[in-house]
file protein.cif (mmCIF, C-alpha atoms and all ligand atoms)
data_query
loop_
_atom_site.label_atom_id
_atom_site.label_comp_id
_atom_site.auth_asym_id
_atom_site.auth_seq_id
_atom_site.Cartn_x
_atom_site.Cartn_y
_atom_site.Cartn_z
CA MET A 1 80.99 72.77 -20.17
CA ALA A 2 78.32 70.59 -18.55
CA LYS A 3 76.43 72.33 -15.78
CA LYS A 4 77.26 70.90 -12.38
CA SER A 5 74.16 69.55 -10.70
CA VAL A 6 73.59 70.36 -7.06
CA LYS A 7 71.59 67.79 -5.16
CA SER A 8 69.15 69.71 -3.10
CA PHE A 9 66.56 68.49 -0.68
CA GLY A 10 64.45 71.60 -0.68
CA SER A 11 64.84 75.23 0.19
CA ALA A 12 64.50 77.05 3.44
CA GLN A 13 62.27 80.12 3.90
CA ASP A 14 65.26 82.40 3.34
CA GLY A 15 65.85 80.75 -0.07
CA SER A 16 68.98 78.86 0.97
CA VAL A 17 69.33 75.30 -0.28
CA ILE A 18 68.81 72.48 2.21
CA LYS A 19 71.20 69.67 1.43
CA LYS A 20 69.93 66.10 1.53
CA PRO A 21 71.67 64.30 4.40
CA ILE A 22 74.10 61.67 3.14
CA ARG A 23 73.63 58.23 4.66
CA ALA A 24 76.40 55.66 4.39
CA ILE A 25 76.59 52.06 5.50
CA PHE A 26 79.87 50.54 6.66
CA PRO A 27 79.51 46.79 6.22
CA GLY A 28 81.99 44.30 7.63
CA SER A 29 82.62 41.39 9.93
CA PHE A 30 84.08 43.47 12.79
CA ASP A 31 85.26 40.34 14.64
CA PRO A 32 86.26 42.31 16.64
CA ILE A 33 86.15 46.04 15.90
CA THR A 34 89.68 47.51 15.87
CA ASN A 35 91.24 50.95 16.24
CA GLY A 36 91.61 50.85 12.43
CA HIS A 37 87.84 50.52 11.97
CA LEU A 38 87.22 53.27 14.53
CA ASP A 39 89.65 55.56 12.74
CA VAL A 40 87.75 55.04 9.47
CA ILE A 41 84.41 55.69 11.23
CA ASP A 42 85.72 58.86 12.84
CA ARG A 43 87.03 60.23 9.54
CA ALA A 44 83.91 59.15 7.63
CA MET A 45 81.76 61.30 9.91
CA LYS A 46 83.47 64.38 8.41
CA LEU A 47 82.00 63.33 5.04
CA PHE A 48 78.61 61.82 5.88
CA ASP A 49 75.66 62.87 7.97
CA GLU A 50 74.63 59.37 9.00
CA LEU A 51 76.62 56.19 9.22
CA ILE A 52 75.18 52.75 9.85
CA ILE A 53 77.81 50.25 10.90
CA ALA A 54 76.46 46.99 9.50
CA VAL A 55 77.70 43.80 11.12
CA GLY A 56 77.38 40.91 8.69
CA ARG A 57 75.73 37.83 10.16
CA SER A 58 77.11 35.44 7.56
CA PRO A 59 79.52 32.92 9.10
CA ILE A 60 83.23 33.78 8.94
CA LYS A 61 86.27 31.55 9.26
CA ASN A 62 87.49 31.15 12.88
CA ALA A 63 84.94 33.62 14.25
CA LEU A 64 85.58 34.60 17.85
CA PHE A 65 82.51 36.65 18.72
CA THR A 66 78.86 36.19 17.80
CA PRO A 67 77.25 38.94 15.68
CA GLU A 68 75.35 40.04 18.82
CA GLU A 69 78.59 40.39 20.80
CA ARG A 70 80.25 42.33 17.98
CA LEU A 71 77.26 44.62 17.73
CA GLU A 72 77.24 45.20 21.49
CA MET A 73 80.93 46.17 21.53
CA ILE A 74 80.46 48.60 18.62
CA ALA A 75 77.34 50.12 20.18
CA GLU A 76 79.26 50.79 23.40
CA LEU A 77 82.17 52.40 21.55
CA THR A 78 80.08 54.61 19.28
CA ALA A 79 77.39 55.61 21.78
CA ASP A 80 78.73 59.18 21.93
CA MET A 81 79.09 59.64 18.18
CA PRO A 82 76.17 61.63 16.75
CA GLY A 83 74.82 60.16 13.51
CA VAL A 84 76.44 56.77 14.03
CA SER A 85 74.34 53.65 14.62
CA VAL A 86 74.98 49.92 14.45
CA GLU A 87 72.87 47.05 13.16
CA SER A 88 73.43 43.50 11.96
CA PHE A 89 72.32 42.19 8.60
CA ASP A 90 71.92 38.97 6.62
CA GLY A 91 72.38 38.38 2.94
CA LEU A 92 73.47 40.77 0.25
CA THR A 93 75.04 44.08 1.27
CA VAL A 94 73.39 45.90 -1.64
CA GLU A 95 69.93 44.67 -0.61
CA TYR A 96 70.54 45.83 2.93
CA ALA A 97 71.83 49.18 1.62
CA ALA A 98 68.65 49.60 -0.45
CA LYS A 99 66.48 48.69 2.54
CA LYS A 100 68.23 51.33 4.64
CA LYS A 101 68.04 53.88 1.78
CA ALA A 102 71.80 54.32 1.97
CA ASP A 103 73.45 56.65 -0.54
CA VAL A 104 76.85 55.00 -0.41
CA ILE A 105 78.74 52.00 0.89
CA LEU A 106 81.84 52.87 2.91
CA ARG A 107 84.90 50.61 2.91
CA GLY A 108 88.46 50.99 4.18
CA LEU A 109 91.61 50.37 2.16
CA ARG A 110 94.86 49.16 3.69
CA SER A 111 96.89 47.60 0.93
CA LEU A 112 97.04 46.68 -2.74
CA THR A 113 95.44 43.35 -1.82
CA ASP A 114 92.46 45.29 -0.43
CA VAL A 115 92.36 47.40 -3.60
CA HIS A 116 92.17 44.33 -5.87
CA TYR A 117 89.34 42.79 -3.89
CA GLU A 118 87.44 45.99 -3.14
CA PHE A 119 87.66 47.22 -6.72
CA LYS A 120 85.83 44.14 -8.00
CA LEU A 121 83.32 44.27 -5.18
CA ALA A 122 82.57 47.96 -5.73
CA MET A 123 82.19 47.47 -9.50
CA THR A 124 79.84 44.53 -8.96
CA ASN A 125 77.75 46.44 -6.44
CA ARG A 126 77.46 49.39 -8.81
CA ALA A 127 76.58 47.12 -11.72
CA VAL A 128 73.88 45.21 -9.86
CA ALA A 129 72.44 47.94 -7.67
CA GLY A 130 73.79 51.26 -8.93
CA ILE A 131 75.25 52.09 -5.54
CA GLU A 132 78.57 53.90 -5.18
CA THR A 133 81.31 52.80 -2.81
CA VAL A 134 83.45 55.39 -1.06
CA PHE A 135 86.86 54.36 0.24
CA ILE A 136 88.83 55.77 3.11
CA MET A 137 92.54 55.01 3.21
CA ALA A 138 93.86 53.50 6.41
CA SER A 139 95.94 55.79 8.61
CA ALA A 140 99.65 54.98 8.60
CA GLU A 141 99.49 53.64 12.16
CA TYR A 142 96.63 51.20 11.41
CA GLY A 143 97.47 50.20 7.85
CA PHE A 144 98.55 46.74 8.98
CA THR A 145 95.72 46.21 11.50
CA SER A 146 93.17 43.54 10.75
CA SER A 147 90.67 41.70 12.95
CA THR A 148 91.97 38.37 11.64
CA LEU A 149 95.59 39.11 12.56
CA ILE A 150 94.53 40.45 15.94
CA ARG A 151 92.57 37.26 16.69
CA GLU A 152 95.51 35.10 15.61
CA ALA A 153 98.18 37.11 17.43
CA ALA A 154 96.13 37.29 20.63
CA ALA A 155 95.49 33.52 20.55
CA LEU A 156 99.26 32.99 20.45
CA GLY A 157 99.79 35.34 23.40
CA GLY A 158 100.79 38.45 21.42
CA ASN A 159 100.16 41.87 22.92
CA VAL A 160 97.49 43.54 20.79
CA SER A 161 96.42 46.08 23.39
CA ASN A 162 97.38 49.14 21.32
CA LEU A 163 95.41 47.96 18.27
CA ILE A 164 91.97 47.58 19.83
CA PRO A 165 89.97 49.58 22.38
CA LYS A 166 90.36 48.57 26.04
CA THR A 167 86.84 47.14 26.33
CA VAL A 168 87.42 44.94 23.27
CA TYR A 169 90.81 43.85 24.65
CA ASN A 170 89.21 42.75 27.92
CA ARG A 171 86.52 40.76 26.09
CA LEU A 172 89.13 39.20 23.85
CA GLN A 173 91.19 38.03 26.83
CA GLN A 174 88.10 36.56 28.50
CA ARG A 175 87.06 34.76 25.31
CA LEU A 176 90.53 33.31 24.73
CA LYS A 177 90.69 32.11 28.35
CA ARG A 178 87.33 30.37 27.90
CA ASN A 179 88.41 28.79 24.60
CA ARG A 180 91.71 27.45 25.98
CA PRO A 181 91.65 23.64 26.45
P1 LIG B 1 85.20 42.22 5.87
O1 LIG B 1 85.18 40.78 6.30
O2 LIG B 1 83.95 42.67 5.18
O3 LIG B 1 86.46 42.65 5.16
P2 LIG B 1 86.23 43.62 8.17
O4 LIG B 1 85.60 43.79 9.50
O5 LIG B 1 87.53 42.86 8.13
O6 LIG B 1 85.14 42.98 7.26
O7 LIG B 1 86.49 45.04 7.51
C1 LIG B 1 85.43 45.92 7.24
C2 LIG B 1 85.98 47.09 6.43
O8 LIG B 1 86.95 47.80 7.20
C3 LIG B 1 86.72 46.66 5.14
O9 LIG B 1 86.46 47.62 4.15
C4 LIG B 1 88.17 46.71 5.53
O10 LIG B 1 89.01 46.93 4.41
C5 LIG B 1 88.17 47.89 6.48
N1 LIG B 1 89.27 47.85 7.45
C6 LIG B 1 89.57 46.85 8.30
N2 LIG B 1 90.62 47.18 9.06
C7 LIG B 1 91.02 48.42 8.66
C8 LIG B 1 92.08 49.31 9.03
N3 LIG B 1 92.97 48.97 9.93
N4 LIG B 1 92.15 50.50 8.41
C9 LIG B 1 91.27 50.84 7.44
N5 LIG B 1 90.25 50.04 7.04
C10 LIG B 1 90.13 48.85 7.63
#
call {"tool": "encode", "arguments": {"input": "protein.cif", "output": "structure tokens"}}
result
Amino acid sequence: MAKKSVKSFGSAQDGSVIKKPIRAIFPGSFDPITNGHLDVIDRAMKLFDELIIAVGRSPIKNALFTPEERLEMIAELTADMPGVSVESFDGLTVEYAAKKKADVILRGLRSLTDVHYEFKLAMTNRAVAGIETVFIMASAEYGFTSSTLIREAAALGGNVSNLIPKTVYNRLQQRLKRNRP
């Protein structure tokens, strides 16, 4: 049987192995961040030592918040989470991951539609950059939650208050009020 390799970072004076900290990036649009995203982040921190939430700056359809606003909301919500930071990035996720010396890309999975898309994305990223993607399954209560649906439902007057944090909800209401003709 092949010998299992243990990734070690070095050894302490007492001879015990010091494990290399695992750094993940969680790329996405986060327009806006939802309780579903936060649930993934919370659970990911049981697996990784460091997590960089990476807000993509590339334009998205019907964007509601600027990348700066999205980043600000995430920074506020994750301020008390040790090991979690937030940044924005341009261009290819794999290039950003390499720049940040990330070990893995983290993504969430909600449905078979996500699986189809994410599978191809993860295979491409591994083929072009050799980086692994780790998936966390959505919790039952957030499996249907998406930023796009939240934006659409809120614009039509739907109550989305239990799907997003309070601070995000308040900003969303303000933004929709401003956008109304
Ligand atoms: P993107 O435009 O890159 O899909 P999103 O902000 O929509 O950006 O999502 C970022 C990541 O979070 C994706 O991997 C997505 O599948 C995941 N995600 C979004 N909402 C949820 C949720 N409710 N539960 C689990 N994962 C989610």
call {"tool": "residues_near_ligand", "arguments": {"input": "protein.cif", "ligand": "ligand LIG 1 (chain B)", "cutoff": "10 Å", "atoms": "all atoms listed in the file", "output": "ChimeraX atom specification"}}
result
/A:26-41,53-56,58,60-61,93,105-111,113-115,117-118,134-149,163
call {"tool": "write_last_selection", "arguments": {"input": "protein.cif", "atoms": "C-alpha atoms", "output": "mmCIF file, keeping the file's coordinate frame"}}
result
data_model
loop_
_atom_site.group_PDB
_atom_site.id
_atom_site.type_symbol
_atom_site.label_atom_id
_atom_site.label_comp_id
_atom_site.auth_asym_id
_atom_site.auth_seq_id
_atom_site.Cartn_x
_atom_site.Cartn_y
_atom_site.Cartn_z
ATOM 1 C CA PHE A 26 79.870 50.540 6.660
ATOM 2 C CA PRO A 27 79.510 46.790 6.220
ATOM 3 C CA GLY A 28 81.990 44.300 7.630
ATOM 4 C CA SER A 29 82.620 41.390 9.930
ATOM 5 C CA PHE A 30 84.080 43.470 12.790
ATOM 6 C CA ASP A 31 85.260 40.340 14.640
ATOM 7 C CA PRO A 32 86.260 42.310 16.640
ATOM 8 C CA ILE A 33 86.150 46.040 15.900
ATOM 9 C CA THR A 34 89.680 47.510 15.870
ATOM 10 C CA ASN A 35 91.240 50.950 16.240
ATOM 11 C CA GLY A 36 91.610 50.850 12.430
ATOM 12 C CA HIS A 37 87.840 50.520 11.970
ATOM 13 C CA LEU A 38 87.220 53.270 14.530
ATOM 14 C CA ASP A 39 89.650 55.560 12.740
ATOM 15 C CA VAL A 40 87.750 55.040 9.470
ATOM 16 C CA ILE A 41 84.410 55.690 11.230
ATOM 17 C CA ILE A 53 77.810 50.250 10.900
ATOM 18 C CA ALA A 54 76.460 46.990 9.500
ATOM 19 C CA VAL A 55 77.700 43.800 11.120
ATOM 20 C CA GLY A 56 77.380 40.910 8.690
ATOM 21 C CA SER A 58 77.110 35.440 7.560
ATOM 22 C CA ILE A 60 83.230 33.780 8.940
ATOM 23 C CA LYS A 61 86.270 31.550 9.260
ATOM 24 C CA THR A 93 75.040 44.080 1.270
ATOM 25 C CA ILE A 105 78.740 52.000 0.890
ATOM 26 C CA LEU A 106 81.840 52.870 2.910
ATOM 27 C CA ARG A 107 84.900 50.610 2.910
ATOM 28 C CA GLY A 108 88.460 50.990 4.180
ATOM 29 C CA LEU A 109 91.610 50.370 2.160
ATOM 30 C CA ARG A 110 94.860 49.160 3.690
ATOM 31 C CA SER A 111 96.890 47.600 0.930
ATOM 32 C CA THR A 113 95.440 43.350 -1.820
ATOM 33 C CA ASP A 114 92.460 45.290 -0.430
ATOM 34 C CA VAL A 115 92.360 47.400 -3.600
ATOM 35 C CA TYR A 117 89.340 42.790 -3.890
ATOM 36 C CA GLU A 118 87.440 45.990 -3.140
ATOM 37 C CA VAL A 134 83.450 55.390 -1.060
ATOM 38 C CA PHE A 135 86.860 54.360 0.240
ATOM 39 C CA ILE A 136 88.830 55.770 3.110
ATOM 40 C CA MET A 137 92.540 55.010 3.210
ATOM 41 C CA ALA A 138 93.860 53.500 6.410
ATOM 42 C CA SER A 139 95.940 55.790 8.610
ATOM 43 C CA ALA A 140 99.650 54.980 8.600
ATOM 44 C CA GLU A 141 99.490 53.640 12.160
ATOM 45 C CA TYR A 142 96.630 51.200 11.410
ATOM 46 C CA GLY A 143 97.470 50.200 7.850
ATOM 47 C CA PHE A 144 98.550 46.740 8.980
ATOM 48 C CA THR A 145 95.720 46.210 11.500
ATOM 49 C CA SER A 146 93.170 43.540 10.750
ATOM 50 C CA SER A 147 90.670 41.700 12.950
ATOM 51 C CA THR A 148 91.970 38.370 11.640
ATOM 52 C CA LEU A 149 95.590 39.110 12.560
ATOM 53 C CA LEU A 163 95.410 47.960 18.270
#
call {"tool": "atom_distance", "arguments": {"input": "protein.cif", "atom1": "atom CA of Arg178 of chain A", "atom2": "atom CA of Pro59 of chain A"}}
result
20.5 Å
call {"tool": "atom_distance", "arguments": {"input": "protein.cif", "atom1": "atom CA of Leu51 of chain A", "atom2": "atom CA of Ser85 of chain A"}}
result
6.4 Å
call {"tool": "atom_distance", "arguments": {"input": "protein.cif", "atom1": "atom CA of Val128 of chain A", "atom2": "atom CA of Val94 of chain A"}}
result
8.3 Å
call {"tool": "closest_residue", "arguments": {"input": "protein.cif", "among": "A:Ala44, A:Met73, A:Val86, A:Ala24", "to": "Ile164 of chain A", "atoms": "only C-alpha atoms"}}
result
A:Met73
call {"tool": "closest_residue", "arguments": {"input": "protein.cif", "among": "A:Val104, A:Ala153, A:Ile74, A:Ile52", "to": "Phe89 of chain A", "atoms": "all atoms listed in the file"}}
result
A:Ile52
call {"tool": "closest_residue", "arguments": {"input": "protein.cif", "among": "A:Met123, A:Ala75, A:Val84, A:Ala102", "to": "Val168 of chain A", "atoms": "all atoms listed in the file"}}
result
A:Ala75
call {"tool": "residues_around", "arguments": {"input": "protein.cif", "residues": "segment 8-22 of chain A", "least_positions_apart": "3", "cutoff": "7 Å", "atoms": "all atoms listed in the file", "output": "JSON, numbers by chain"}}
result
{"A": [48, 49, 50, 103]}
call {"tool": "closest_residue", "arguments": {"input": "protein.cif", "among": "A:Arg126, A:Arg57, A:Glu152, A:Arg70", "to": "Asp90 of chain A", "atoms": "all atoms listed in the file"}}
result
A:Arg57
call {"tool": "closest_residue", "arguments": {"input": "protein.cif", "among": "A:Leu172, A:Ala122, A:Ala98, A:Leu77", "to": "Arg151 of chain A", "atoms": "all atoms listed in the file"}}
result
A:Leu172
call {"tool": "closest_residue", "arguments": {"input": "protein.cif", "among": "A:Glu76, A:Thr133, A:Asn159, A:Ile25", "to": "Ala97 of chain A", "atoms": "only C-alpha atoms"}}
result
A:Ile25
call {"tool": "axis_aligned_box", "arguments": {"input": "protein.cif", "around": "segment 127-133 of chain A", "padding_each_side": "5 Å", "output": "lines of an AutoDock Vina configuration file"}}
result
center_x = 76.9
center_y = 49.6
center_z = -7.3
size_x = 18.9
size_y = 18.7
size_z = 18.9
call {"tool": "decode", "arguments": {"input": "protein.cif", "residues": "segment 132-170 of chain A", "atoms": "C-alpha atoms", "output": "PDB file, in the first residue's frame"}}
result
ATOM      1  CA  GLU A 132      -7.962  22.115  -5.853  1.00  0.00           C
ATOM      2  CA  THR A 133     -11.499  23.276  -5.163  1.00  0.00           C
ATOM      3  CA  VAL A 134     -13.222  22.247  -1.953  1.00  0.00           C
ATOM      4  CA  PHE A 135     -17.012  22.297  -1.828  1.00  0.00           C
ATOM      5  CA  ILE A 136     -19.285  22.791   1.129  1.00  0.00           C
ATOM      6  CA  MET A 137     -22.896  21.704   0.749  1.00  0.00           C
ATOM      7  CA  ALA A 138     -25.518  24.290   1.569  1.00  0.00           C
ATOM      8  CA  SER A 139     -27.427  23.767   4.810  1.00  0.00           C
ATOM      9  CA  ALA A 140     -31.011  22.629   4.327  1.00  0.00           C
ATOM     10  CA  GLU A 141     -32.367  26.006   5.431  1.00  0.00           C
ATOM     11  CA  TYR A 142     -30.259  27.994   2.923  1.00  0.00           C
ATOM     12  CA  GLY A 143     -30.192  25.589  -0.006  1.00  0.00           C
ATOM     13  CA  PHE A 144     -32.531  27.815  -2.006  1.00  0.00           C
ATOM     14  CA  THR A 145     -30.909  31.133  -1.003  1.00  0.00           C
ATOM     15  CA  SER A 146     -29.140  33.111  -3.687  1.00  0.00           C
ATOM     16  CA  SER A 147     -28.100  36.758  -3.904  1.00  0.00           C
ATOM     17  CA  THR A 148     -29.828  37.057  -7.285  1.00  0.00           C
ATOM     18  CA  LEU A 149     -33.177  35.793  -5.973  1.00  0.00           C
ATOM     19  CA  ILE A 150     -32.883  37.976  -2.892  1.00  0.00           C
ATOM     20  CA  ARG A 151     -32.273  41.073  -5.048  1.00  0.00           C
ATOM     21  CA  GLU A 152     -35.222  40.202  -7.282  1.00  0.00           C
ATOM     22  CA  ALA A 153     -37.621  39.310  -4.468  1.00  0.00           C
ATOM     23  CA  ALA A 154     -36.708  42.420  -2.461  1.00  0.00           C
ATOM     24  CA  ALA A 155     -37.203  44.663  -5.514  1.00  0.00           C
ATOM     25  CA  LEU A 156     -40.741  43.279  -5.835  1.00  0.00           C
ATOM     26  CA  GLY A 157     -41.448  43.935  -2.148  1.00  0.00           C
ATOM     27  CA  GLY A 158     -40.835  40.391  -0.862  1.00  0.00           C
ATOM     28  CA  ASN A 159     -39.745  39.900   2.732  1.00  0.00           C
ATOM     29  CA  VAL A 160     -36.180  38.579   2.638  1.00  0.00           C
ATOM     30  CA  SER A 161     -35.280  39.561   6.192  1.00  0.00           C
ATOM     31  CA  ASN A 162     -34.623  35.996   7.383  1.00  0.00           C
ATOM     32  CA  LEU A 163     -32.231  35.243   4.505  1.00  0.00           C
ATOM     33  CA  ILE A 164     -29.716  38.046   5.008  1.00  0.00           C
ATOM     34  CA  PRO A 165     -28.117  39.672   8.058  1.00  0.00           C
ATOM     35  CA  LYS A 166     -29.904  42.711   9.513  1.00  0.00           C
ATOM     36  CA  THR A 167     -27.221  45.182   8.413  1.00  0.00           C
ATOM     37  CA  VAL A 168     -27.438  43.899   4.829  1.00  0.00           C
ATOM     38  CA  TYR A 169     -31.245  44.054   4.954  1.00  0.00           C
ATOM     39  CA  ASN A 170     -31.136  47.709   6.015  1.00  0.00           C
TER      40      ASN A 170
END
